[in-house]
Amino acid sequence: MALEAVPILDISPYWSDDKANRRALAAEVDRICREIGFMVIGGHGIDPDLVAEVESVSRTFFDLPLPEKMRIARPAPDILRGYQPFKAEVLSRSRGGNAAAGDLNESLMIGPVDVLDTPYYTASAAGKHFAANLWPERPAGLQDVYERYYRVMDSLAIDLMRLFALALDLPEPYFDSSVDRSISRLRVRNYPAPDVPPEPGQLRASAHSDYGSLTILKTEDAPGGLQVLGKDGDWLDVPHRPGSFVVNIGDMLARWTNDRWVSTLHRVVNPPLDLAALSRRQSIVFFQNPNYDAVVSCLPSCTDAAHPPKYPTTTSGGHLREKFVATQQAIAYAG
């Protein structure tokens, strides 16, 4: 029977020594990822004060005048760094949509924060995956807070991939060598309270699936929130649970699992008109994207005679580059 709500899951047993509890958790993760690919997790151990710091400095940044934010505007469609202005992106285009109206959000993005002067990071094959992060002059301390949060999320994402390996009947460190030098991304989105009605079909974030391996999302409890498309075709509201994160798998992990696990369409809807004034919200999103040279091919536990591999082998970097460019509006980029 298909899930009728996004499940809430305590993942703290992953860090316990109780093998039975760890097996039970892995089995539940497998069930959820087969059915809906979304879960709201608690028991993750992330310091709530750090989350609050990210929320605070981000809100201060988005409240700055537009010309000041544009000083660190995203440089090009294939460079995911800096500020992206309101309506500059249409996420549904990553799934072949042709909507013209831009999504009703603005964002600030950074990539890896511990880039080394070694061949992996500097080789031509690395492309722009390790482009320099762009930092605003104000608010003071934003860079420090974002870098600390990035490192914490990167560590949690690696642990989640180890839990996912157990759920897929693989050795726990199976994915380690694919995510230890990742091209992951931290993106904070601001959804302003609307002051004019949206255009027909225009949403805060149009329907899309995420591109990488997994996503870790911190939401806010405000009108006009996240919805997931259920198997019966109905949109399900994702519950907001204080202290929790929303975790979902992306297209790359679905491809790795030969579609045993689903990368589900989701969107951020507009608030009801009578609640528009109360609807400003932020989301803090960590997209785990594996190492650019990570080979993505059907996992050994996800194929048999009845389920041959569906997809040709690819790499993480090539897959992501195509998705990033497809979603962009025709706007003037910095530089």
# chains A, B, ... in the order shown; residues from 1 in each chain; ligands from 1

$ residues_around --residues "Ala254 of chain A" --least-positions-apart "2" --cutoff "10 Å" --atoms "only C-alpha atoms" --output "number ranges by chain"
A: 33-34, 37, 211-214, 249-252, 256-264, 298

$ select_by_dssp --residues "segment 150-279 of chain A" --states "alpha helix (DSSP H)" --output "MDAnalysis selection string"
chainID A and resid 150:167 176:179 251:256

$ closest_residue --among "A:Gln143, A:Tyr292, A:Arg59, A:Met161" --to "Tyr14 of chain A" --atoms "only C-alpha atoms"
A:Met161

$ residues_around --residues "segment 120-125 of chain A" --least-positions-apart "5" --cutoff "12 Å" --atoms "only C-alpha atoms" --output "PyMOL selection string"
chain A and resi 112-115+130-132+180-183+291-293+315-318

$ write_last_selection --atoms "C-alpha atoms" --output "compact mmCIF listing (two decimals), in the first residue's frame"
# COMPACT_ATOMS: atom_id res chain seq x y z
CA PRO A 112 32.87 23.07 -1.13
CA VAL A 113 34.67 25.04 1.56
CA ASP A 114 37.84 22.96 1.99
CA VAL A 115 39.28 22.98 -1.52
CA PHE A 130 35.31 23.96 -7.23
CA ALA A 131 34.77 27.55 -8.31
CA ALA A 132 35.52 30.08 -5.59
CA ASP A 180 34.69 11.94 0.20
CA ARG A 181 35.58 14.87 -2.13
CA SER A 182 32.07 15.80 -3.12
CA ILE A 183 30.85 18.69 -5.25
CA ASN A 291 32.66 13.46 -6.39
CA TYR A 292 32.65 14.75 -9.96
CA ASP A 293 34.40 11.60 -11.20
CA THR A 315 29.53 10.29 -13.90
CA SER A 316 28.29 12.62 -11.21
CA GLY A 317 29.80 15.74 -12.77
CA GLY A 318 28.42 15.25 -16.25

$ closest_residue --among "A:Met39, A:Met70, A:Ala294, A:Asn21" --to "Leu9 of chain A" --atoms "only C-alpha atoms"
A:Met39

$ closest_residue --among "A:Phe38, A:Ser12, A:Thr303, A:His208" --to "Val238 of chain A" --atoms "only C-alpha atoms"
A:Phe38

$ residues_around --residues "Glu55 of chain A" --least-positions-apart "4" --cutoff "9 Å" --atoms "only C-alpha atoms" --output "number ranges by chain"
A: 50-51, 59-60, 188, 282-284

$ select_by_dssp --residues "segment 111-243 of chain A" --states "strand (DSSP E)" --output "ChimeraX atom specification"
/A:185-191,205-208,214-218,226-229,235-237

$ residues_around --residues "Gln202 of chain A" --least-positions-apart "2" --cutoff "8 Å" --atoms "only C-alpha atoms" --output "list of chain:residue names"
A:Ala101, A:Gly102, A:Asp103, A:Leu104, A:Pro198, A:Glu199, A:Pro200, A:Arg204, A:Ser206

$ write_last_selection --atoms "N, CA and C atoms" --output "CSV table (one decimal), in the first residue's frame"
chain,number,residue,atom,x,y,z
A,101,ALA,N,7.5,31.7,-16.6
A,101,ALA,CA,7.5,32.6,-15.4
A,101,ALA,C,8.5,32.0,-14.4
A,102,GLY,N,9.4,32.9,-13.9
A,102,GLY,CA,10.4,32.4,-12.9
A,102,GLY,C,9.8,32.0,-11.6
A,103,ASP,N,10.5,31.1,-10.9
A,103,ASP,CA,10.1,30.7,-9.6
A,103,ASP,C,10.2,31.9,-8.6
A,104,LEU,N,9.3,31.9,-7.6
A,104,LEU,CA,9.2,33.1,-6.7
A,104,LEU,C,10.1,33.0,-5.5
A,198,PRO,N,0.6,35.7,-8.2
A,198,PRO,CA,1.5,35.1,-9.2
A,198,PRO,C,0.9,35.0,-10.5
A,199,GLU,N,1.7,34.8,-11.5
A,199,GLU,CA,1.2,34.5,-12.9
A,199,GLU,C,0.6,33.1,-12.9
A,200,PRO,N,-0.2,32.8,-13.9
A,200,PRO,CA,-0.8,31.5,-14.0
A,200,PRO,C,0.3,30.4,-14.0
A,204,ARG,N,6.3,29.2,-6.0
A,204,ARG,CA,7.5,29.5,-5.2
A,204,ARG,C,8.7,28.7,-5.7
A,206,SER,N,8.9,25.6,-8.7
A,206,SER,CA,8.1,24.7,-9.6
A,206,SER,C,8.5,23.3,-9.4

$ residues_around --residues "segment 76-83 of chain A" --least-positions-apart "2" --cutoff "8 Å" --atoms "only C-alpha atoms" --output "PyMOL selection string"
chain A and resi 69-70+72-74+85+106-111+128-129+131-135+321+324-325+328+333-334

$ residues_around --residues "Arg280 of chain A" --least-positions-apart "2" --cutoff "6 Å" --atoms "only C-alpha atoms" --output "VMD selection string"
chain A and resid 191 to 193

$ write_last_selection --atoms "C-alpha atoms" --output "JSON list (two decimals), in the first residue's frame"
[["chain", "number", "residue", "atom", "x", "y", "z"],
["A", 191, "TYR", "CA", 10.56, 33.10, -0.31],
["A", 192, "PRO", "CA", 9.34, 36.69, 0.25],
["A", 193, "ALA", "CA", 5.79, 37.37, 1.25]]

$ closest_residue --among "A:Val285, A:Ala276, A:Met153, A:Ala205" --to "Glu89 of chain A" --atoms "only C-alpha atoms"
A:Ala205

$ closest_residue --among "A:Val57, A:Phe286, A:Asp232, A:Val29" --to "Gly141 of chain A" --atoms "only C-alpha atoms"
A:Val57

$ atom_distance --atom1 "atom CA of Ala167 of chain A" --atom2 "atom CA of Cys302 of chain A"
11.4 Å

$ closest_residue --among "A:Leu116, A:Phe175, A:Ala88, A:Glu53" --to "Glu147 of chain A" --atoms "only C-alpha atoms"
A:Glu53

$ atom_distance --atom1 "atom CA of Ser58 of chain A" --atom2 "atom CA of His266 of chain A"
23.5 Å
